[in-house]
Amino acid sequence: MVSGSINSMAVRLLEQTRISPSPQAAGDPPRDSLPLTPFDALWMNQSPVERLFFYSYPHSTDHFLCSHLPRLKSSLSHSLSVFYPLAGTIRRRQSDGRFEIFCSPTDSVSLMVFEHLQGDSFLDLSGDHPRPVSSFLPLLPHLPKSIEAQPLLTLQFTIFPSHGLSLALVLHHAACDGFSSIHFVKHWAATFRSDDDKVPSPAFDRSVIPDPRGLYKQISDAILQCPEKQIIKSAFDEEGVIATYHFTPAALESLKRTAHSQAEKKQGRKVSFHCSSFVVSSAYTWICLLKTRLATDGEGMAHFLFAVDWRQRMRPKIPAYYYGNCLTAGSVGMKAEDLLNCEEKEGFFVACEAIGRVIGAMSSDVWEELDGIEARLEAVAPSRPLTVAGSVKLGVYGIDFGWGKPRKVEVISTRATGAVSVAERRDGGGGGIELGIVLTLDDMKTFAHHFASGMLRLIDD
């Protein structure tokens, strides 16, 4: 069942303000502007990341405004002083035209506070079932576009009186990746709880990211030629529905056993490729999505794209809490018929093997992986690849402002990219994977059928 749509008239603006980083103390390091690296420039044309945190909050709007909002503002100001580039803007440096995050003493971030006039819709919006994407749009602030000075972050609280609240972060991806943005939110939450000394500070030194192949110029030149082009787009945007699916720890282990048993059956030996929870969950989701699209896309090539975080792979090593983007894309491509026109377990194993071997064969040279990446992504875009946004390693359900862990975390920007969002399960008990996906209503019904029924047929007891 799909819940009803909620339009923008369902919210009432309570406050709109701008929050500046707190003033620097004597002896603090300077808040220097940061040049974009090749990793950052890669995201210049992409849609902003829209992430929503839903928290149970059984109090009135006035209680939030009086008891929490003042401290949320002051703690945000402090966290922005630590993650100061988020208050800056992307512009071209006057000296050489290079894109940079320009930082100045007048920087600030927009913060809006709304009240939802249908407070009891909180449980519906923070559920797992299919809900119209349009019902989330009133909860998201708008991040303006500007060629001259592109803002990087905007924030919004929406209060559902006596039920809960949502916190929305809309972030320009060129500012930083998910690891850095969640690092910022964790710092803000800890500061609000007066516990920020336990959160490591970010590292801003751009000299740790060399560019031996001149890839910044290659990528930025492509951006300047087509400043409005987004490589991979969704076909439905706000007309779709969003739903959440779960892989329990037990289901993941069963899928791994299925992969191992297929290796013994097909190859007479143990699995010879990287066979992780990520691999088996991605393979299964890929198969379900291909089956969903079978009526129109049953032939031709099938592609799967996933993010690769290089923070632990770079040589020489970079700081663990480096701030910025540090992602490339892994790509798997094969004929759709090789995955679908075979026995179900065999197709699943073929997908696992293909993904696992690409992961295992990735070069240790990040610049080799990054070289020509825009052209490679553009080449596979027409096939509507399955792409993955997020990671279980981000720990989004560990962000506690003092109201407990989030009831739900959604990445609404997948409406524009067609990606599947990935996070740890809220109630996973140290394991499990949560998927968020946006599809048309008819496709969502088909996907849900394949996801549920296929698991029963696929898992070995």
# chains A, B, ... in the order shown; residues from 1 in each chain; ligands from 1
>>> select_by_dssp(residues="segment 115-151 of chain A", states="helix (DSSP H, G or I)", output="ChimeraX atom specification")
/A:119-125,133-135,137-139
>>> write_last_selection(atoms="N, CA and C atoms", output="JSON list (two decimals), in the first residue's frame")
[["chain", "number", "residue", "atom", "x", "y", "z"],
["A", 119, "GLY", "N", 0.93, 16.30, 12.02],
["A", 119, "GLY", "CA", 1.93, 15.69, 12.89],
["A", 119, "GLY", "C", 1.88, 14.18, 12.92],
["A", 120, "ASP", "N", 0.67, 13.61, 12.78],
["A", 120, "ASP", "CA", 0.56, 12.16, 12.84],
["A", 120, "ASP", "C", 1.06, 11.47, 11.58],
["A", 121, "SER", "N", 1.50, 12.25, 10.57],
["A", 121, "SER", "CA", 2.08, 11.64, 9.37],
["A", 121, "SER", "C", 3.53, 11.22, 9.60],
["A", 122, "PHE", "N", 4.07, 11.52, 10.78],
["A", 122, "PHE", "CA", 5.48, 11.20, 11.06],
["A", 122, "PHE", "C", 5.75, 9.71, 10.93],
["A", 123, "LEU", "N", 4.88, 8.88, 11.52],
["A", 123, "LEU", "CA", 5.10, 7.44, 11.48],
["A", 123, "LEU", "C", 5.02, 6.91, 10.05],
["A", 124, "ASP", "N", 4.14, 7.50, 9.26],
["A", 124, "ASP", "CA", 4.01, 7.08, 7.86],
["A", 124, "ASP", "C", 5.27, 7.44, 7.08],
["A", 125, "LEU", "N", 5.73, 8.67, 7.20],
["A", 125, "LEU", "CA", 6.89, 9.13, 6.44],
["A", 125, "LEU", "C", 8.17, 8.40, 6.85],
["A", 133, "VAL", "N", 7.48, 10.15, -3.33],
["A", 133, "VAL", "CA", 8.63, 11.05, -3.16],
["A", 133, "VAL", "C", 8.16, 12.47, -2.89],
["A", 134, "SER", "N", 7.05, 12.86, -3.51],
["A", 134, "SER", "CA", 6.54, 14.23, -3.34],
["A", 134, "SER", "C", 6.21, 14.55, -1.89],
["A", 135, "SER", "N", 5.91, 13.53, -1.08],
["A", 135, "SER", "CA", 5.56, 13.80, 0.32],
["A", 135, "SER", "C", 6.77, 14.22, 1.15],
["A", 137, "LEU", "N", 9.26, 16.25, -0.15],
["A", 137, "LEU", "CA", 9.82, 17.50, -0.66],
["A", 137, "LEU", "C", 9.62, 18.68, 0.28],
["A", 138, "PRO", "N", 8.47, 18.81, 1.00],
["A", 138, "PRO", "CA", 8.35, 19.93, 1.95],
["A", 138, "PRO", "C", 9.35, 19.87, 3.10],
["A", 139, "LEU", "N", 9.98, 18.72, 3.30],
["A", 139, "LEU", "CA", 10.93, 18.56, 4.40],
["A", 139, "LEU", "C", 12.35, 18.93, 3.98]]
>>> residues_around(residues="Lys317 of chain A", least_positions_apart="6", cutoff="10 Å", atoms="only C-alpha atoms", output="short mmCIF file (atom, residue, chain, number, x, y, z; two decimals) with C-alpha atoms, in the first residue's frame")
data_model
loop_
_atom_site.label_atom_id
_atom_site.label_comp_id
_atom_site.auth_asym_id
_atom_site.auth_seq_id
_atom_site.Cartn_x
_atom_site.Cartn_y
_atom_site.Cartn_z
CA VAL A 208 48.13 14.78 0.67
CA ILE A 209 46.17 14.40 -2.60
CA TRP A 310 40.28 5.43 -1.21
CA ARG A 311 40.96 6.74 2.31
#
>>> atom_distance(atom1="atom CA of Leu86 of chain A", atom2="atom CA of Leu152 of chain A")
5.9 Å
>>> closest_residue(among="A:His63, A:Arg376, A:Arg426, A:Lys256", to="Glu410 of chain A", atoms="only C-alpha atoms")
A:Arg426
>>> residues_around(residues="Ser146 of chain A", least_positions_apart="2", cutoff="10 Å", atoms="only C-alpha atoms", output="list in words")
Thr89, Ile90, Arg91, Leu143, Pro144, Glu148, Ala149, Gln150 and Pro151 of chain A
>>> atom_distance(atom1="atom CA of Met444 of chain A", atom2="atom CA of Ile359 of chain A")
29.0 Å
>>> residues_around(residues="Ala320 of chain A", least_positions_apart="2", cutoff="9 Å", atoms="only C-alpha atoms", output="list in words")
Pro202, Ala203, Arg311, Gln312, Lys317, Ile318 and Tyr322 of chain A
>>> write_last_selection(atoms="N, CA and C atoms", output="short mmCIF file (atom, residue, chain, number, x, y, z; two decimals), in the first residue's frame")
data_model
loop_
_atom_site.label_atom_id
_atom_site.label_comp_id
_atom_site.auth_asym_id
_atom_site.auth_seq_id
_atom_site.Cartn_x
_atom_site.Cartn_y
_atom_site.Cartn_z
N PRO A 202 38.55 17.03 11.63
CA PRO A 202 38.86 16.73 10.22
C PRO A 202 40.23 17.25 9.83
N ALA A 203 40.79 16.67 8.79
CA ALA A 203 42.08 17.10 8.24
C ALA A 203 41.84 17.73 6.87
N ARG A 311 40.28 6.25 1.10
CA ARG A 311 40.96 6.74 2.31
C ARG A 311 41.93 5.71 2.87
N GLN A 312 41.57 4.45 2.81
CA GLN A 312 42.44 3.41 3.33
C GLN A 312 43.34 2.79 2.25
N LYS A 317 49.74 6.92 2.64
CA LYS A 317 48.47 7.03 3.34
C LYS A 317 48.08 8.48 3.56
N ILE A 318 46.77 8.73 3.60
CA ILE A 318 46.27 10.05 3.93
C ILE A 318 45.61 9.97 5.30
N TYR A 322 40.46 12.68 6.74
CA TYR A 322 40.61 13.67 5.67
C TYR A 322 39.24 14.19 5.26
#
